[in-house]
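Working notes, structure below.
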Amino acid sequence: MSDIANRLRARRKSLKVSQEELARRCGWSDGQTRISSYENGRTVPNYSDIALLARALDTSAAYLAFGSAEERDSELAPAQSAGAPHLEYGKAITPLPGTDSTSTIRLDNELAPKADLAKCRWFRITDTSMQPLMPPGTAIFIDTSDTRIQSGKAYAVDIGGLIWVRWVYQLPKAEVRLAPENTAEWGDHTVGADEQEDFIVLGRVVGYSVLV
């Protein structure tokens, strides 16, 4: 059973909402069947459905999709500890070509990303789309060998020469949805057939540091 299924079921039960009532709140004609399928892990909801479920359950889409801030931080292995930066010794990560980042970063071995560091690259995020989790200036570490999309994971992508960091979802018909963390200022973006030639997955986000 997926983590999304567990969080969805737990949140619904904590509010004492039936599957039928939840489906009604979401406006779904297939009623209990869809909710049951999501909660049993037989089907993984797309981001649009997650957003509807979140509103119906008075929670955030980010929580249903990725868990608490602590869970998301653990998943992404942030390079920070006890409020002090650990970017001076140990294993090195070279910058991602085509970015303003030029220096090799050295990470404390304990805080190095959980990936093959020879295939990792780093760069700084410059916009507010992923705050408060990854505010502007955050160092992002990506595994350039991991470019096969796993829905709900964070990736660095290139669209027409611009690098974005987003939560990524694979949609039907080879379309891809890019979802920001900061939904108050940024919206989702769907990469359709007309953008596929200009769309490149650079790598999965395996770590970050807001202390650089």
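Here's how to read the names in the structure tokens: chain A, B, ... by the order shown, residue numbers from 1 in each chain, ligand numbers from 1 in the order shown.
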Among segment 5-173 of chain A, which residues does DSSP mark as strand (DSSP E or B) when it is run on the backbone? Keep the chain and numbering as in the structure and answer as JSON, numbers by chain. {"A": [81, 84, 91, 92, 93, 94, 95, 105, 106, 107, 120, 121, 122, 123, 124, 139, 140, 141, 142, 143, 153, 154, 155, 156, 157, 158, 159, 162, 163, 164, 165, 166, 167, 168, 169, 170]}
Could you pull out the residues in chain A that DSSP calls helix (DSSP H, G or I) from the backbone, as an NGL selection string? :A and (3-14 or 19-26 or 32-39 or 47-56 or 61-66 or 69-76 or 109-111 or 117-119 or 172-174 or 193-198)
Between A:Val201, A:Ser101, A:Ala154, A:Gly161, which residue has the minimum interatomic distance to Glu181 of chain A, considering only C-alpha atoms? A:Ala154
Give me the residues near Asp143 of chain A as an MDAnalysis selection string, where near means some atom within 10 Å (using only C-alpha atoms) and where sequence neighbours in that chain fewer than 5 positions away do not count. chainID A and resid 113:122 155:156 202:207
Please list as a ChimeraX atom specification every residue within 12 Å of Val17 of chain A, counting only C-alpha atoms and excluding residues in the same chain fewer than 2 positions away. /A:8-15,19-25,32,35,53,56-58
Please, could you write that set of residues out with N, CA and C atoms as a PDB file, in the first residue's frame?
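File out.pdb, as written:
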ATOM      1  N   LEU A   8      -4.257   9.237   3.060  1.00  0.00           N
ATOM      2  CA  LEU A   8      -5.632   9.543   2.660  1.00  0.00           C
ATOM      3  C   LEU A   8      -6.629   8.862   3.588  1.00  0.00           C
ATOM      4  N   ARG A   9      -6.434   7.593   3.830  1.00  0.00           N
ATOM      5  CA  ARG A   9      -7.354   6.848   4.689  1.00  0.00           C
ATOM      6  C   ARG A   9      -7.328   7.375   6.116  1.00  0.00           C
ATOM      7  N   ALA A  10      -6.112   7.658   6.633  1.00  0.00           N
ATOM      8  CA  ALA A  10      -5.997   8.141   8.007  1.00  0.00           C
ATOM      9  C   ALA A  10      -6.663   9.503   8.174  1.00  0.00           C
ATOM     10  N   ARG A  11      -6.474  10.386   7.183  1.00  0.00           N
ATOM     11  CA  ARG A  11      -7.075  11.711   7.281  1.00  0.00           C
ATOM     12  C   ARG A  11      -8.592  11.621   7.209  1.00  0.00           C
ATOM     13  N   ARG A  12      -9.106  10.806   6.315  1.00  0.00           N
ATOM     14  CA  ARG A  12     -10.561  10.663   6.187  1.00  0.00           C
ATOM     15  C   ARG A  12     -11.165  10.134   7.482  1.00  0.00           C
ATOM     16  N   LYS A  13     -10.539   9.106   8.063  1.00  0.00           N
ATOM     17  CA  LYS A  13     -11.073   8.513   9.284  1.00  0.00           C
ATOM     18  C   LYS A  13     -10.969   9.474  10.465  1.00  0.00           C
ATOM     19  N   SER A  14      -9.907  10.278  10.480  1.00  0.00           N
ATOM     20  CA  SER A  14      -9.758  11.219  11.600  1.00  0.00           C
ATOM     21  C   SER A  14     -10.865  12.268  11.591  1.00  0.00           C
ATOM     22  N   LEU A  15     -11.394  12.560  10.408  1.00  0.00           N
ATOM     23  CA  LEU A  15     -12.487  13.527  10.287  1.00  0.00           C
ATOM     24  C   LEU A  15     -13.857  12.850  10.337  1.00  0.00           C
ATOM     25  N   GLN A  19     -16.403   7.152   2.855  1.00  0.00           N
ATOM     26  CA  GLN A  19     -15.918   7.190   1.489  1.00  0.00           C
ATOM     27  C   GLN A  19     -16.953   7.804   0.553  1.00  0.00           C
ATOM     28  N   GLU A  20     -18.219   7.489   0.792  1.00  0.00           N
ATOM     29  CA  GLU A  20     -19.287   8.047  -0.035  1.00  0.00           C
ATOM     30  C   GLU A  20     -19.355   9.565   0.100  1.00  0.00           C
ATOM     31  N   GLU A  21     -19.231  10.076   1.326  1.00  0.00           N
ATOM     32  CA  GLU A  21     -19.280  11.515   1.557  1.00  0.00           C
ATOM     33  C   GLU A  21     -18.075  12.204   0.933  1.00  0.00           C
ATOM     34  N   LEU A  22     -16.903  11.582   1.043  1.00  0.00           N
ATOM     35  CA  LEU A  22     -15.706  12.177   0.458  1.00  0.00           C
ATOM     36  C   LEU A  22     -15.840  12.274  -1.057  1.00  0.00           C
ATOM     37  N   ALA A  23     -16.336  11.215  -1.674  1.00  0.00           N
ATOM     38  CA  ALA A  23     -16.530  11.233  -3.124  1.00  0.00           C
ATOM     39  C   ALA A  23     -17.520  12.327  -3.526  1.00  0.00           C
ATOM     40  N   ARG A  24     -18.574  12.504  -2.710  1.00  0.00           N
ATOM     41  CA  ARG A  24     -19.563  13.553  -2.997  1.00  0.00           C
ATOM     42  C   ARG A  24     -18.920  14.931  -2.928  1.00  0.00           C
ATOM     43  N   ARG A  25     -18.073  15.148  -1.910  1.00  0.00           N
ATOM     44  CA  ARG A  25     -17.407  16.438  -1.769  1.00  0.00           C
ATOM     45  C   ARG A  25     -16.490  16.735  -2.951  1.00  0.00           C
ATOM     46  N   GLN A  32     -17.853   5.745  -4.147  1.00  0.00           N
ATOM     47  CA  GLN A  32     -16.975   5.006  -3.247  1.00  0.00           C
ATOM     48  C   GLN A  32     -15.907   4.236  -3.989  1.00  0.00           C
ATOM     49  N   ILE A  35     -12.569   6.215  -4.341  1.00  0.00           N
ATOM     50  CA  ILE A  35     -11.926   6.410  -3.032  1.00  0.00           C
ATOM     51  C   ILE A  35     -11.355   5.095  -2.529  1.00  0.00           C
ATOM     52  N   LEU A  53      -9.024  16.030  -3.252  1.00  0.00           N
ATOM     53  CA  LEU A  53      -9.109  15.301  -1.989  1.00  0.00           C
ATOM     54  C   LEU A  53      -8.631  16.168  -0.828  1.00  0.00           C
ATOM     55  N   ALA A  56     -11.256  18.666   0.082  1.00  0.00           N
ATOM     56  CA  ALA A  56     -12.399  18.000   0.715  1.00  0.00           C
ATOM     57  C   ALA A  56     -12.084  17.566   2.137  1.00  0.00           C
ATOM     58  N   LEU A  57     -10.811  17.313   2.421  1.00  0.00           N
ATOM     59  CA  LEU A  57     -10.400  16.835   3.743  1.00  0.00           C
ATOM     60  C   LEU A  57      -9.725  17.930   4.570  1.00  0.00           C
ATOM     61  N   ASP A  58      -9.787  19.182   4.087  1.00  0.00           N
ATOM     62  CA  ASP A  58      -9.249  20.327   4.824  1.00  0.00           C
ATOM     63  C   ASP A  58      -7.784  20.103   5.198  1.00  0.00           C
TER      64      ASP A  58
END
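Candidate residues A:Val210, A:Ile149, A:Ala174, A:Gly41 were compared for distance to Pro136 of chain A, and the nearest is A:Val210, using only C-alpha atoms.
Residues within 12 Å of Gln131 of chain A, counting only C-alpha atoms and excluding same-chain residues fewer than 6 positions away, are Ala69, Ile125, Gly137, Thr138, Val165, Arg166, Pro180, Glu181, Asn182, Thr183, Ala184, Glu185, Trp186 and Val210 of chain A.
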Atom pair atom CA of Arg55 of chain A + atom CA of Lys153 of chain A, distance 21.4 Å
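Of the residues under consideration (A:Ala193, A:Ile93, A:Ile50, A:Leu171), A:Ile93 shows the shortest atom-to-atom contact distance to Ile140 of chain A when counting only C-alpha atoms.
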Do a neighbour search on Lys173 of chain A at 12 Å with only C-alpha atoms, toss out local chain neighbours closer than 5 positions, and write the hits as a PDB file with C-alpha atoms, in the first residue's frame.
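In the end it all went to out-v8.pdb:
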ATOM      1  CA  THR A 190       1.454  20.566 -17.895  1.00  0.00           C
ATOM      2  CA  VAL A 191       4.057  19.653 -20.480  1.00  0.00           C
ATOM      3  CA  GLY A 192       2.010  18.689 -23.521  1.00  0.00           C
ATOM      4  CA  ALA A 193       2.924  17.231 -26.874  1.00  0.00           C
ATOM      5  CA  GLN A 196       8.032  17.539 -25.543  1.00  0.00           C
TER       6      GLN A 196
END
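When atom CA of Tyr169 of chain A is paired with atom CA of Ser151 of chain A, their separation reads 4.2 Å.
Between atom CA of Met134 of chain A and atom CA of Ile159 of chain A there is a distance of 19.8 Å.
Between Ile105 of chain A and the candidates A:Phe141, A:Asn46, A:Met130, A:Gly187, the tightest atom-to-atom separation, counting only C-alpha atoms, involves A:Phe141.
Shortest separation to Thr126 of chain A among A:Ile200, A:Leu64, A:Leu162, A:Val44 occurs at residue A:Leu162, atoms counted being only C-alpha atoms.
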